[in-house]
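Notes follow the structure.
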Amino acid sequence: MVAGRLRSVDVTLRQLRMIREVAARGTIAAAAESLGYTPSAVSQQLAVLERITGVPVLERVGRGVHLTDAGRELVHHAQVVLTKMEEAQAAIEEVATVPRGNVRLAIFESFASSLMPEVVHRLWESHPKLVVRSVELDPDKALNTLVMGSTDVALVVDYPHAPSPRPRGVERRLLREERFRLVVPADDELSGVVDLADLADRAFVMGSADTSWGRSVLQACREAGFDPDIHHEIDKTPATLQLVAAGAGIALIPDLALTDTPAAVRILDLAEPVARTIEVAYREASLRRPAIRVVLETIVDVAGAVER
């Protein structure tokens with residue numbers, strides 16, 4: 001076989017999904033975990049793929065891997081092929097009257113704890129042949145898994161101070177808008193409605209700049225005229241609340257994440273609201289699948305959809 005000449009008949013959809021997932025996650029181990037294979041199985045299949053193409057598609061960099069130019073080209077075409085296969089699956093499923101099969105959701109922490117149980121319960125009662133699988137991811141990463149095809153539906157958030165990407169082929173529906181609240185220790189001197197600018201000398205507990213939540217709070221503080229003094233960089237809400245309760249600092253936390261707060265904190269309003277929108281995202285090509293439509297409708301119903 002001529003090097004670089006790809007015999008399409010020998011390339012499997014499984015191999016295309018594997019290299020696409022490696023491109024999305026950066027390591028073979030992470031791709032294997034996402035797809036439900038062992039790392040050795042993924043490595044073996046990618047080695048077969050390199051023999052078929054006749055050129056390297058991956059190069060190792062530290063503990064991770066990077067795509068070669070040939071690998072990036074293959075991932076681009078893999079996305080096209082897998083999208084077409086999804087459209088074919090949707091067309092086949094459209095013939096069926098009962099939603100069935102697997103739907104993979106990417107959800108974030110506060111949605112998982114407050115709304116996801118009701119979504120799963122309703123789907124189990126009304127569509128017992130439908131299997132819902134979920135993974136908790138930061139909304140930015142969730143959107144990437146949706147684009148790459150390793151999930152079917154993603155719960156994402158959009159912040160005026162840190163808007164999320166709008167990739168082609170992905171549709172979004174607004175579920176609700178919610179505000180951030182100021183969370184302080186129960187014995188804190190602050191009360192009533194608080195100006196964000198008055199918090200410039202306070203210690204903050206907040207998410208890292210790698211998360212959409214952290215970036216939004218950081219930008220909101222900067223627009224109020226200061227950089228927050230971050231004493232504790234924590235991405236999980238329960239840990240953040242416990243640190244605030246212990247007097248380690250104050251935090252800005254959205255409503256959905258405040259369904260179960262410790263007794264040792266108080267919740268205050270900001271004079272100039274900081275808000276975010278919660279949206280459900282899905283690939284346009286998948287909307288013909290009855291299973292996807294049912295899941296979307298249930299999420300919208302549970303979350304309390306609002307008009308734009």
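Letters A, B, ... go to the chains of the structure tokens in the order shown; residues in each chain start at 1; ligands are counted from 1 in the same order.
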For Leu58 in chain A, list every protein, DNA or RNA residue within 6 Å, evaluated using only C-alpha atoms, and leave out those in the same chain fewer than 6 positions away; present the list as a PDB file with N, CA and C atoms, in the first residue's frame.
```
ATOM      1  N   HIS A  66      -0.450  14.370  20.940  1.00  0.00           N
ATOM      2  CA  HIS A  66      -0.888  15.405  20.022  1.00  0.00           C
ATOM      3  C   HIS A  66      -1.148  14.792  18.659  1.00  0.00           C
ATOM      4  N   LEU A  67      -2.083  15.351  17.945  1.00  0.00           N
ATOM      5  CA  LEU A  67      -2.333  14.895  16.582  1.00  0.00           C
ATOM      6  C   LEU A  67      -1.261  15.433  15.646  1.00  0.00           C
ATOM      7  N   THR A  68      -0.824  14.599  14.728  1.00  0.00           N
ATOM      8  CA  THR A  68       0.029  15.079  13.644  1.00  0.00           C
ATOM      9  C   THR A  68      -0.850  15.813  12.633  1.00  0.00           C
TER      10      THR A  68
END
```
Exercise for the section: Please identify which residues in range 43-280 of chain A DSSP calls strand (DSSP E) from the backbone, and express them as a ChimeraX atom specification. Expected result: /A:58-61,64-67,101-107,130-136,153-158,170-185,193-194,203-206,229-233,251-254,265-270,275-280
Exercise for the section: Excluding range 138-143 of chain A and residues on its chain fewer than 6 positions from it, collect all residues at most 9 Å away from it, counting only C-alpha atoms, and give them as a PyMOL selection string. Expected result: chain A and resi 105-109+151+153-158+164-165+167+211-212+281-282
Keeping only C-alpha atoms, write the selected residues as a PDB file, in the first residue's frame.
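Resulting contents of selection_0.pdb:
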```pdb
ATOM      1  CA  LEU A 105     -25.815  13.788  28.618  1.00  0.00           C
ATOM      2  CA  ALA A 106     -23.073  16.136  29.802  1.00  0.00           C
ATOM      3  CA  ILE A 107     -24.255  17.977  32.907  1.00  0.00           C
ATOM      4  CA  PHE A 108     -22.712  20.365  35.421  1.00  0.00           C
ATOM      5  CA  GLU A 109     -22.617  20.001  39.188  1.00  0.00           C
ATOM      6  CA  THR A 151     -22.258  13.182  24.166  1.00  0.00           C
ATOM      7  CA  VAL A 153     -27.020  16.630  24.860  1.00  0.00           C
ATOM      8  CA  ALA A 154     -25.089  19.125  26.979  1.00  0.00           C
ATOM      9  CA  LEU A 155     -26.199  21.440  29.749  1.00  0.00           C
ATOM     10  CA  VAL A 156     -24.273  24.664  29.337  1.00  0.00           C
ATOM     11  CA  VAL A 157     -24.226  28.104  30.889  1.00  0.00           C
ATOM     12  CA  ASP A 158     -23.665  31.496  29.333  1.00  0.00           C
ATOM     13  CA  SER A 164     -19.386  30.482  25.854  1.00  0.00           C
ATOM     14  CA  PRO A 165     -18.462  29.437  22.288  1.00  0.00           C
ATOM     15  CA  PRO A 167     -19.846  26.176  17.383  1.00  0.00           C
ATOM     16  CA  THR A 211     -13.984  27.497  34.629  1.00  0.00           C
ATOM     17  CA  SER A 212     -16.723  29.672  33.170  1.00  0.00           C
ATOM     18  CA  ALA A 281     -27.358  22.282  23.683  1.00  0.00           C
ATOM     19  CA  TYR A 282     -27.604  19.566  21.043  1.00  0.00           C
TER      20      TYR A 282
END
```
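Proximity ranking of A:Leu146, A:Leu252, A:Val280, A:Val194 relative to Gln79 in chain A places A:Leu146 first, based on only C-alpha atoms.
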Problem - Between CA of Arg17 in chain A and CA of Phe111 in chain A - distance in Å to one decimal - result: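 So the answer is 27.6 Å.
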Handout entry: Selection near range 236-248 of chain A, 6 Å with only C-alpha atoms, sequence-local residues under 6 positions removed, as a ChimeraX atom specification
Key = /A:185,264-265
For Ile267 in chain A, find every residue with an atom within 10 Å (counting only C-alpha atoms), except residues of its own chain fewer than 4 positions away, and show them as a PDB file with C-alpha atoms, in the first residue's frame.
```pdb
ATOM      1  CA  ARG A 181     -26.068  35.789  45.199  1.00  0.00           C
ATOM      2  CA  LEU A 182     -23.494  36.931  47.708  1.00  0.00           C
ATOM      3  CA  VAL A 183     -22.846  34.238  50.320  1.00  0.00           C
ATOM      4  CA  VAL A 184     -21.251  35.369  53.596  1.00  0.00           C
ATOM      5  CA  PRO A 185     -20.654  33.783  57.019  1.00  0.00           C
ATOM      6  CA  ALA A 186     -23.711  33.969  59.275  1.00  0.00           C
ATOM      7  CA  SER A 191     -26.483  42.900  55.405  1.00  0.00           C
ATOM      8  CA  GLY A 192     -29.174  44.073  53.006  1.00  0.00           C
ATOM      9  CA  ALA A 251     -18.477  33.881  47.476  1.00  0.00           C
ATOM     10  CA  LEU A 252     -20.725  34.693  44.533  1.00  0.00           C
ATOM     11  CA  ILE A 253     -22.859  31.632  43.762  1.00  0.00           C
ATOM     12  CA  LEU A 258     -27.936  27.277  46.521  1.00  0.00           C
ATOM     13  CA  THR A 261     -26.805  25.697  52.055  1.00  0.00           C
TER      14      THR A 261
END
```
Practice task
Choose the residue, out of A:Met18, A:Ala220, A:Leu175, A:Val193, that has the smallest atom-to-atom separation from Tyr159 in chain A; count only C-alpha atoms.
Solution key: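 Selected residue with least distance to Tyr159 in chain A: A:Ala220.
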If we count only C-alpha atoms and set the cut-off at 9 Å, which residues sit around Arg72 in chain A, ignoring sequence neighbours fewer than 5 positions away in its own chain? Please answer as a JSON list (two decimals) with C-alpha atoms, in the first residue's frame.
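And here's selection14.json as it stands now:
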```json
[["chain", "number", "residue", "atom", "x", "y", "z"],
["A", 23, "ALA", "CA", -8.40, 14.74, 19.85],
["A", 57, "VAL", "CA", -1.55, 10.17, 13.26],
["A", 67, "LEU", "CA", -2.33, 14.90, 16.58],
["A", 77, "HIS", "CA", -13.06, 13.88, 7.93]]
```
Exercise for the section: Compare A:Gly149, A:Asp188, A:Asp235, A:Thr259 by their minimum atom-to-atom distance to Thr83 in chain A, counting only C-alpha atoms, and give me the closest one. Expected result: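 Ranking A:Gly149, A:Asp188, A:Asp235, A:Thr259 by distance to Thr83 in chain A, first place goes to A:Gly149.
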Handout entry: Pairwise distance for CA of Gly249 in chain A and CA of Leu115 in chain A, rounded to one decimal in Å
Key =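 Distance reported for this atom pair: 28.0 Å.
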Exercise for the section: Have a look at A:Leu123, A:Val135, A:Ala224, A:Ala112 and name the one nearest to Ala200 in chain A; count only C-alpha atoms. Expected result: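 Ranking A:Leu123, A:Val135, A:Ala224, A:Ala112 by distance to Ala200 in chain A, first place goes to A:Ala224.
Counting from CA of Gly304 in chain A, the distance to CA of Gly169 in chain A is 24.9 Å.
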Exercise for the section: Could you tell me which of A:Glu178, A:Asp229, A:Asp269, A:Glu59 comes closest to Asp201 in chain A if we count only C-alpha atoms? Expected result: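 Among the listed residues, A:Asp229 lies closest to Asp201 in chain A.
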Problem - Nearest-residue call for Thr298 in chain A, choices A:Arg122, A:Arg266, A:Arg283, A:Arg166, using only C-alpha atoms - result: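 Smallest separation from Thr298 in chain A among the options: A:Arg122.
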Problem - DSSP alpha helix (DSSP H) residues within range 39-242 of chain A, listed as a ChimeraX atom specification - result: /A:39-53,69-95,109-114,116-126,139-148,212-223,237-242
Problem - Neighbour list for Arg288 in chain A as an NGL selection string, cut-off 8 Å, only C-alpha atoms, skip fewer than 5 positions in-chain - result: :A and (87 or 90-91 or 94 or 293)
